[in-house]
file upload11.pdb (PDB, C-alpha atoms, pLDDT in the B column)
ATOM      1  CA  MET A   5       8.017 157.942 160.015  1.00 88.00           C
ATOM      2  CA  SER A   6       9.680 160.732 161.977  1.00 92.00           C
ATOM      3  CA  ILE A   7       8.045 163.250 164.305  1.00 93.00           C
ATOM      4  CA  ASP A   8       8.405 165.977 161.660  1.00 91.00           C
ATOM      5  CA  ARG A   9       6.476 164.078 159.023  1.00 93.00           C
ATOM      6  CA  ILE A  10       3.734 163.060 161.438  1.00 94.00           C
ATOM      7  CA  VAL A  11       3.274 166.639 162.684  1.00 93.00           C
ATOM      8  CA  PHE A  12       3.121 168.017 159.138  1.00 93.00           C
ATOM      9  CA  ALA A  13       0.733 165.261 157.986  1.00 95.00           C
ATOM     10  CA  VAL A  14      -1.642 165.741 160.927  1.00 95.00           C
ATOM     11  CA  ALA A  15      -1.564 169.538 160.591  1.00 95.00           C
ATOM     12  CA  GLY A  16      -2.343 169.264 156.884  1.00 96.00           C
ATOM     13  CA  ALA A  17      -5.166 166.809 157.552  1.00 97.00           C
ATOM     14  CA  PHE A  18      -6.639 169.080 160.258  1.00 97.00           C
ATOM     15  CA  ILE A  19      -6.564 172.043 157.886  1.00 96.00           C
ATOM     16  CA  LEU A  20      -8.249 170.147 155.058  1.00 97.00           C
ATOM     17  CA  ILE A  21     -10.873 168.641 157.375  1.00 97.00           C
ATOM     18  CA  SER A  22     -11.710 171.998 158.943  1.00 97.00           C
ATOM     19  CA  LEU A  23     -11.932 173.644 155.525  1.00 96.00           C
ATOM     20  CA  GLY A  24     -14.353 170.941 154.421  1.00 97.00           C
ATOM     21  CA  LEU A  25     -16.398 171.311 157.595  1.00 97.00           C
ATOM     22  CA  SER A  26     -16.537 175.079 157.076  1.00 96.00           C
ATOM     23  CA  GLN A  27     -18.088 174.523 153.659  1.00 96.00           C
ATOM     24  CA  TYR A  28     -20.620 171.879 154.677  1.00 95.00           C
ATOM     25  CA  HIS A  29     -21.382 172.632 158.328  1.00 95.00           C
ATOM     26  CA  SER A  30     -20.413 176.055 159.729  1.00 95.00           C
ATOM     27  CA  VAL A  31     -18.018 178.844 158.796  1.00 96.00           C
ATOM     28  CA  SER A  32     -16.878 178.865 162.432  1.00 96.00           C
ATOM     29  CA  TRP A  33     -14.650 175.862 161.652  1.00 96.00           C
ATOM     30  CA  LEU A  34     -12.254 178.334 160.031  1.00 96.00           C
ATOM     31  CA  TRP A  35     -11.214 179.350 163.570  1.00 97.00           C
ATOM     32  CA  PHE A  36      -9.774 175.855 163.961  1.00 96.00           C
ATOM     33  CA  THR A  37      -7.876 176.316 160.694  1.00 96.00           C
ATOM     34  CA  ALA A  38      -6.487 179.607 162.016  1.00 97.00           C
ATOM     35  CA  PHE A  39      -5.447 177.916 165.274  1.00 95.00           C
ATOM     36  CA  VAL A  40      -3.528 175.189 163.425  1.00 95.00           C
ATOM     37  CA  GLY A  41      -1.839 177.758 161.180  1.00 94.00           C
ATOM     38  CA  ALA A  42      -0.870 179.950 164.140  1.00 95.00           C
ATOM     39  CA  ASN A  43       0.558 176.956 165.975  1.00 94.00           C
ATOM     40  CA  LEU A  44       2.640 175.977 162.938  1.00 93.00           C
ATOM     41  CA  PHE A  45       3.854 179.561 162.608  1.00 94.00           C
ATOM     42  CA  GLN A  46       4.930 179.900 166.240  1.00 95.00           C
ATOM     43  CA  SER A  47       6.595 176.459 166.255  1.00 92.00           C
ATOM     44  CA  ALA A  48       8.743 177.531 163.296  1.00 90.00           C
ATOM     45  CA  PHE A  49      10.292 180.248 165.454  1.00 93.00           C
ATOM     46  CA  THR A  50      10.210 178.756 168.954  1.00 93.00           C
ATOM     47  CA  GLY A  51      10.568 175.034 168.273  1.00 89.00           C
ATOM     48  CA  PHE A  52       7.726 174.384 170.753  1.00 92.00           C
ATOM     49  CA  CYS A  53       5.096 171.992 169.434  1.00 92.00           C
ATOM     50  CA  PRO A  54       2.803 170.143 171.849  1.00 92.00           C
ATOM     51  CA  MET A  55       2.184 167.294 169.410  1.00 92.00           C
ATOM     52  CA  ALA A  56       5.919 166.790 168.891  1.00 92.00           C
ATOM     53  CA  ILE A  57       6.396 166.549 172.666  1.00 93.00           C
ATOM     54  CA  ILE A  58       3.656 163.914 172.913  1.00 94.00           C
ATOM     55  CA  LEU A  59       5.081 161.909 170.007  1.00 94.00           C
ATOM     56  CA  LYS A  60       8.570 162.058 171.515  1.00 94.00           C
ATOM     57  CA  LYS A  61       7.218 160.656 174.801  1.00 95.00           C
ATOM     58  CA  LEU A  62       5.529 157.874 172.830  1.00 95.00           C
ATOM     59  CA  GLY A  63       8.901 156.882 171.407  1.00 94.00           C
ATOM     60  CA  VAL A  64       8.614 158.098 167.830  1.00 94.00           C
ATOM     61  CA  LYS A  65      12.030 158.836 166.319  1.00 91.00           C
ATOM     62  CA  SER A  66      13.039 162.466 166.072  1.00 87.00           C
ATOM     63  CA  GLY A  67      13.453 164.316 162.802  1.00 80.00           C
ATOM     64  CA  CYS A  68      15.380 167.448 161.877  1.00 80.00           C
ATOM     65  CA  ALA A  69      12.845 170.033 163.038  1.00 72.00           C
ATOM     66  CA  PHE A  70      11.701 168.590 166.369  1.00 65.00           C
TER      67      PHE A  70
END

call {"tool": "encode", "arguments": {"input": "upload11.pdb", "output": "structure tokens"}}
result
Amino acid sequence: MSIDRIVFAVAGAFILISLGLSQYHSVSWLWFTAFVGANLFQSAFTGFCPMAIILKKLGVKSGCAF
């Protein structure tokens, strides 16, 4: 699995988990959803993604985006 796929999979999982938590625990979890979305948005333009940097240092093979 490449860095791109891992980043997209983790971001999608975080969004779904936080949406579920907002329904069953507290609406404040939607701030976490907004944070993940904003990070994805800025990484599309800047190419800077903290998770991609960590995965690259761990030796995961690079993809097209990161």

call {"tool": "resolve_selection", "arguments": {"input": "upload11.pdb", "expression": "the PyMOL selection byres ((chain A and resi 10) around 12)", "output": "short mmCIF file (atom, residue, chain, number, x, y, z; two decimals) with C-alpha atoms, in the coordinates of the input"}}
result
data_model
loop_
_atom_site.label_atom_id
_atom_site.label_comp_id
_atom_site.auth_asym_id
_atom_site.auth_seq_id
_atom_site.Cartn_x
_atom_site.Cartn_y
_atom_site.Cartn_z
CA MET A 5 8.02 157.94 160.01
CA SER A 6 9.68 160.73 161.98
CA ILE A 7 8.04 163.25 164.30
CA ASP A 8 8.40 165.98 161.66
CA ARG A 9 6.48 164.08 159.02
CA VAL A 11 3.27 166.64 162.68
CA PHE A 12 3.12 168.02 159.14
CA ALA A 13 0.73 165.26 157.99
CA VAL A 14 -1.64 165.74 160.93
CA ALA A 15 -1.56 169.54 160.59
CA GLY A 16 -2.34 169.26 156.88
CA ALA A 17 -5.17 166.81 157.55
CA MET A 55 2.18 167.29 169.41
CA ALA A 56 5.92 166.79 168.89
CA ILE A 58 3.66 163.91 172.91
CA LEU A 59 5.08 161.91 170.01
CA LYS A 60 8.57 162.06 171.52
CA VAL A 64 8.61 158.10 167.83
CA LYS A 65 12.03 158.84 166.32
CA SER A 66 13.04 162.47 166.07
CA GLY A 67 13.45 164.32 162.80
CA ALA A 69 12.84 170.03 163.04
CA PHE A 70 11.70 168.59 166.37
#

call {"tool": "atom_distance", "arguments": {"input": "upload11.pdb", "atom1": "atom CA of A:Cys68", "atom2": "atom CA of A:Leu23"}}
result
28.7 Å

call {"tool": "residues_around", "arguments": {"input": "upload11.pdb", "residues": "A:Leu20", "least_positions_apart": "5", "cutoff": "12 Å", "atoms": "only C-alpha atoms", "output": "list in words"}}
result
Ala13, Val14, Ala15, Leu25, Ser26, Gln27, Trp33, Leu34, Phe36, Thr37, Ala38, Val40 and Gly41 of chain A

call {"tool": "write_last_selection", "arguments": {"input": "upload11.pdb", "atoms": "C-alpha atoms", "output": "short mmCIF file (atom, residue, chain, number, x, y, z; two decimals), in the coordinates of the input"}}
result
data_model
loop_
_atom_site.label_atom_id
_atom_site.label_comp_id
_atom_site.auth_asym_id
_atom_site.auth_seq_id
_atom_site.Cartn_x
_atom_site.Cartn_y
_atom_site.Cartn_z
CA ALA A 13 0.73 165.26 157.99
CA VAL A 14 -1.64 165.74 160.93
CA ALA A 15 -1.56 169.54 160.59
CA LEU A 25 -16.40 171.31 157.60
CA SER A 26 -16.54 175.08 157.08
CA GLN A 27 -18.09 174.52 153.66
CA TRP A 33 -14.65 175.86 161.65
CA LEU A 34 -12.25 178.33 160.03
CA PHE A 36 -9.77 175.86 163.96
CA THR A 37 -7.88 176.32 160.69
CA ALA A 38 -6.49 179.61 162.02
CA VAL A 40 -3.53 175.19 163.43
CA GLY A 41 -1.84 177.76 161.18
#

call {"tool": "atom_distance", "arguments": {"input": "upload11.pdb", "atom1": "atom CA of A:Trp35", "atom2": "atom CA of A:Pro54"}}
result
18.7 Å

call {"tool": "atom_distance", "arguments": {"input": "upload11.pdb", "atom1": "atom CA of A:Phe39", "atom2": "atom CA of A:Gly51"}}
result
16.5 Å

call {"tool": "decode", "arguments": {"input": "upload11.pdb", "residues": "stretch 8-58 of chain A", "atoms": "N, CA and C atoms", "output": "PDB file, in the first residue's frame"}}
result
ATOM      1  N   ASP A   8      -0.156   7.412  -0.380  1.00  0.00           N
ATOM      2  CA  ASP A   8      -1.414   8.050  -0.786  1.00  0.00           C
ATOM      3  C   ASP A   8      -2.624   7.287  -0.265  1.00  0.00           C
ATOM      4  N   ARG A   9      -2.621   5.991  -0.506  1.00  0.00           N
ATOM      5  CA  ARG A   9      -3.771   5.175  -0.107  1.00  0.00           C
ATOM      6  C   ARG A   9      -3.934   5.117   1.403  1.00  0.00           C
ATOM      7  N   ILE A  10      -2.821   5.065   2.121  1.00  0.00           N
ATOM      8  CA  ILE A  10      -2.898   5.034   3.581  1.00  0.00           C
ATOM      9  C   ILE A  10      -3.457   6.352   4.108  1.00  0.00           C
ATOM     10  N   VAL A  11      -2.966   7.472   3.576  1.00  0.00           N
ATOM     11  CA  VAL A  11      -3.446   8.786   4.024  1.00  0.00           C
ATOM     12  C   VAL A  11      -4.938   8.919   3.751  1.00  0.00           C
ATOM     13  N   PHE A  12      -5.375   8.551   2.560  1.00  0.00           N
ATOM     14  CA  PHE A  12      -6.799   8.664   2.225  1.00  0.00           C
ATOM     15  C   PHE A  12      -7.654   7.726   3.084  1.00  0.00           C
ATOM     16  N   ALA A  13      -7.165   6.510   3.335  1.00  0.00           N
ATOM     17  CA  ALA A  13      -7.915   5.555   4.151  1.00  0.00           C
ATOM     18  C   ALA A  13      -8.033   6.034   5.592  1.00  0.00           C
ATOM     19  N   VAL A  14      -6.955   6.538   6.160  1.00  0.00           N
ATOM     20  CA  VAL A  14      -6.985   7.015   7.546  1.00  0.00           C
ATOM     21  C   VAL A  14      -7.858   8.259   7.655  1.00  0.00           C
ATOM     22  N   ALA A  15      -7.747   9.177   6.702  1.00  0.00           N
ATOM     23  CA  ALA A  15      -8.579  10.381   6.726  1.00  0.00           C
ATOM     24  C   ALA A  15     -10.061  10.008   6.639  1.00  0.00           C
ATOM     25  N   GLY A  16     -10.390   9.091   5.760  1.00  0.00           N
ATOM     26  CA  GLY A  16     -11.779   8.644   5.645  1.00  0.00           C
ATOM     27  C   GLY A  16     -12.270   7.976   6.913  1.00  0.00           C
ATOM     28  N   ALA A  17     -11.422   7.151   7.527  1.00  0.00           N
ATOM     29  CA  ALA A  17     -11.797   6.497   8.780  1.00  0.00           C
ATOM     30  C   ALA A  17     -12.001   7.523   9.892  1.00  0.00           C
ATOM     31  N   PHE A  18     -11.097   8.518   9.989  1.00  0.00           N
ATOM     32  CA  PHE A  18     -11.242   9.561  11.006  1.00  0.00           C
ATOM     33  C   PHE A  18     -12.543  10.326  10.824  1.00  0.00           C
ATOM     34  N   ILE A  19     -12.892  10.628   9.593  1.00  0.00           N
ATOM     35  CA  ILE A  19     -14.132  11.366   9.332  1.00  0.00           C
ATOM     36  C   ILE A  19     -15.346  10.545   9.736  1.00  0.00           C
ATOM     37  N   LEU A  20     -15.378   9.281   9.355  1.00  0.00           N
ATOM     38  CA  LEU A  20     -16.516   8.432   9.708  1.00  0.00           C
ATOM     39  C   LEU A  20     -16.614   8.211  11.212  1.00  0.00           C
ATOM     40  N   ILE A  21     -15.482   8.006  11.871  1.00  0.00           N
ATOM     41  CA  ILE A  21     -15.484   7.810  13.323  1.00  0.00           C
ATOM     42  C   ILE A  21     -15.975   9.072  14.029  1.00  0.00           C
ATOM     43  N   SER A  22     -15.478  10.234  13.612  1.00  0.00           N
ATOM     44  CA  SER A  22     -15.890  11.463  14.282  1.00  0.00           C
ATOM     45  C   SER A  22     -17.362  11.787  14.011  1.00  0.00           C
ATOM     46  N   LEU A  23     -17.846  11.448  12.828  1.00  0.00           N
ATOM     47  CA  LEU A  23     -19.275  11.635  12.562  1.00  0.00           C
ATOM     48  C   LEU A  23     -20.119  10.733  13.456  1.00  0.00           C
ATOM     49  N   GLY A  24     -19.686   9.502  13.627  1.00  0.00           N
ATOM     50  CA  GLY A  24     -20.389   8.591  14.532  1.00  0.00           C
ATOM     51  C   GLY A  24     -20.353   9.078  15.970  1.00  0.00           C
ATOM     52  N   LEU A  25     -19.184   9.542  16.411  1.00  0.00           N
ATOM     53  CA  LEU A  25     -19.070  10.059  17.773  1.00  0.00           C
ATOM     54  C   LEU A  25     -19.928  11.309  17.976  1.00  0.00           C
ATOM     55  N   SER A  26     -20.070  12.115  16.921  1.00  0.00           N
ATOM     56  CA  SER A  26     -20.906  13.314  17.055  1.00  0.00           C
ATOM     57  C   SER A  26     -22.378  12.954  17.222  1.00  0.00           C
ATOM     58  N   GLN A  27     -22.778  11.809  16.694  1.00  0.00           N
ATOM     59  CA  GLN A  27     -24.168  11.390  16.823  1.00  0.00           C
ATOM     60  C   GLN A  27     -24.454  10.731  18.169  1.00  0.00           C
ATOM     61  N   TYR A  28     -23.464   9.999  18.695  1.00  0.00           N
ATOM     62  CA  TYR A  28     -23.696   9.221  19.906  1.00  0.00           C
ATOM     63  C   TYR A  28     -23.079   9.816  21.162  1.00  0.00           C
ATOM     64  N   HIS A  29     -22.159  10.761  21.030  1.00  0.00           N
ATOM     65  CA  HIS A  29     -21.493  11.295  22.213  1.00  0.00           C
ATOM     66  C   HIS A  29     -21.686  12.806  22.351  1.00  0.00           C
ATOM     67  N   SER A  30     -21.069  13.577  21.435  1.00  0.00           N
ATOM     68  CA  SER A  30     -21.140  15.039  21.525  1.00  0.00           C
ATOM     69  C   SER A  30     -20.976  15.642  20.134  1.00  0.00           C
ATOM     70  N   VAL A  31     -21.730  16.684  19.870  1.00  0.00           N
ATOM     71  CA  VAL A  31     -21.667  17.367  18.578  1.00  0.00           C
ATOM     72  C   VAL A  31     -20.295  18.028  18.375  1.00  0.00           C
ATOM     73  N   SER A  32     -19.576  18.233  19.441  1.00  0.00           N
ATOM     74  CA  SER A  32     -18.250  18.863  19.354  1.00  0.00           C
ATOM     75  C   SER A  32     -17.258  18.030  18.547  1.00  0.00           C
ATOM     76  N   TRP A  33     -17.520  16.750  18.350  1.00  0.00           N
ATOM     77  CA  TRP A  33     -16.649  15.916  17.525  1.00  0.00           C
ATOM     78  C   TRP A  33     -16.624  16.374  16.073  1.00  0.00           C
ATOM     79  N   LEU A  34     -17.597  17.168  15.660  1.00  0.00           N
ATOM     80  CA  LEU A  34     -17.599  17.684  14.292  1.00  0.00           C
ATOM     81  C   LEU A  34     -16.435  18.637  14.046  1.00  0.00           C
ATOM     82  N   TRP A  35     -15.862  19.223  15.102  1.00  0.00           N
ATOM     83  CA  TRP A  35     -14.668  20.051  14.952  1.00  0.00           C
ATOM     84  C   TRP A  35     -13.497  19.204  14.464  1.00  0.00           C
ATOM     85  N   PHE A  36     -13.427  17.965  14.921  1.00  0.00           N
ATOM     86  CA  PHE A  36     -12.372  17.066  14.445  1.00  0.00           C
ATOM     87  C   PHE A  36     -12.575  16.743  12.963  1.00  0.00           C
ATOM     88  N   THR A  37     -13.824  16.546  12.564  1.00  0.00           N
ATOM     89  CA  THR A  37     -14.137  16.319  11.157  1.00  0.00           C
ATOM     90  C   THR A  37     -13.709  17.515  10.316  1.00  0.00           C
ATOM     91  N   ALA A  38     -13.991  18.715  10.807  1.00  0.00           N
ATOM     92  CA  ALA A  38     -13.587  19.933  10.090  1.00  0.00           C
ATOM     93  C   ALA A  38     -12.072  20.040   9.992  1.00  0.00           C
ATOM     94  N   PHE A  39     -11.360  19.663  11.049  1.00  0.00           N
ATOM     95  CA  PHE A  39      -9.898  19.702  11.035  1.00  0.00           C
ATOM     96  C   PHE A  39      -9.333  18.754   9.974  1.00  0.00           C
ATOM     97  N   VAL A  40      -9.863  17.547   9.907  1.00  0.00           N
ATOM     98  CA  VAL A  40      -9.392  16.576   8.911  1.00  0.00           C
ATOM     99  C   VAL A  40      -9.683  17.087   7.507  1.00  0.00           C
ATOM    100  N   GLY A  41     -10.869  17.612   7.281  1.00  0.00           N
ATOM    101  CA  GLY A  41     -11.224  18.154   5.971  1.00  0.00           C
ATOM    102  C   GLY A  41     -10.342  19.327   5.571  1.00  0.00           C
ATOM    103  N   ALA A  42     -10.070  20.223   6.520  1.00  0.00           N
ATOM    104  CA  ALA A  42      -9.205  21.373   6.229  1.00  0.00           C
ATOM    105  C   ALA A  42      -7.782  20.926   5.912  1.00  0.00           C
ATOM    106  N   ASN A  43      -7.308  19.921   6.620  1.00  0.00           N
ATOM    107  CA  ASN A  43      -5.965  19.411   6.353  1.00  0.00           C
ATOM    108  C   ASN A  43      -5.888  18.762   4.968  1.00  0.00           C
ATOM    109  N   LEU A  44      -6.907  18.022   4.590  1.00  0.00           N
ATOM    110  CA  LEU A  44      -6.938  17.438   3.242  1.00  0.00           C
ATOM    111  C   LEU A  44      -6.976  18.528   2.176  1.00  0.00           C
ATOM    112  N   PHE A  45      -7.747  19.577   2.432  1.00  0.00           N
ATOM    113  CA  PHE A  45      -7.876  20.670   1.480  1.00  0.00           C
ATOM    114  C   PHE A  45      -6.544  21.396   1.291  1.00  0.00           C
ATOM    115  N   GLN A  46      -5.877  21.735   2.390  1.00  0.00           N
ATOM    116  CA  GLN A  46      -4.609  22.453   2.259  1.00  0.00           C
ATOM    117  C   GLN A  46      -3.526  21.572   1.659  1.00  0.00           C
ATOM    118  N   SER A  47      -3.542  20.260   1.939  1.00  0.00           N
ATOM    119  CA  SER A  47      -2.512  19.383   1.368  1.00  0.00           C
ATOM    120  C   SER A  47      -2.685  19.215  -0.142  1.00  0.00           C
ATOM    121  N   ALA A  48      -3.905  19.407  -0.635  1.00  0.00           N
ATOM    122  CA  ALA A  48      -4.131  19.330  -2.081  1.00  0.00           C
ATOM    123  C   ALA A  48      -3.418  20.459  -2.811  1.00  0.00           C
ATOM    124  N   PHE A  49      -3.279  21.604  -2.159  1.00  0.00           N
ATOM    125  CA  PHE A  49      -2.638  22.751  -2.792  1.00  0.00           C
ATOM    126  C   PHE A  49      -1.155  22.884  -2.458  1.00  0.00           C
ATOM    127  N   THR A  50      -0.785  22.528  -1.222  1.00  0.00           N
ATOM    128  CA  THR A  50       0.602  22.737  -0.795  1.00  0.00           C
ATOM    129  C   THR A  50       1.458  21.487  -0.894  1.00  0.00           C
ATOM    130  N   GLY A  51       0.834  20.313  -0.857  1.00  0.00           N
ATOM    131  CA  GLY A  51       1.592  19.068  -0.854  1.00  0.00           C
ATOM    132  C   GLY A  51       2.151  18.714   0.514  1.00  0.00           C
ATOM    133  N   PHE A  52       1.853  19.531   1.539  1.00  0.00           N
ATOM    134  CA  PHE A  52       2.333  19.286   2.894  1.00  0.00           C
ATOM    135  C   PHE A  52       1.306  18.474   3.660  1.00  0.00           C
ATOM    136  N   CYS A  53       1.704  17.288   4.104  1.00  0.00           N
ATOM    137  CA  CYS A  53       0.832  16.433   4.893  1.00  0.00           C
ATOM    138  C   CYS A  53       1.678  15.783   5.983  1.00  0.00           C
ATOM    139  N   PRO A  54       1.428  16.110   7.244  1.00  0.00           N
ATOM    140  CA  PRO A  54       2.231  15.552   8.323  1.00  0.00           C
ATOM    141  C   PRO A  54       2.229  14.022   8.363  1.00  0.00           C
ATOM    142  N   MET A  55       1.098  13.409   8.097  1.00  0.00           N
ATOM    143  CA  MET A  55       1.036  11.950   8.119  1.00  0.00           C
ATOM    144  C   MET A  55       1.878  11.343   7.004  1.00  0.00           C
ATOM    145  N   ALA A  56       1.887  11.971   5.838  1.00  0.00           N
ATOM    146  CA  ALA A  56       2.700  11.481   4.729  1.00  0.00           C
ATOM    147  C   ALA A  56       4.184  11.560   5.073  1.00  0.00           C
ATOM    148  N   ILE A  57       4.586  12.617   5.774  1.00  0.00           N
ATOM    149  CA  ILE A  57       5.987  12.755   6.184  1.00  0.00           C
ATOM    150  C   ILE A  57       6.360  11.643   7.154  1.00  0.00           C
ATOM    151  N   ILE A  58       5.484  11.350   8.107  1.00  0.00           N
ATOM    152  CA  ILE A  58       5.746  10.283   9.072  1.00  0.00           C
ATOM    153  C   ILE A  58       5.837   8.929   8.372  1.00  0.00           C
TER     154      ILE A  58
END
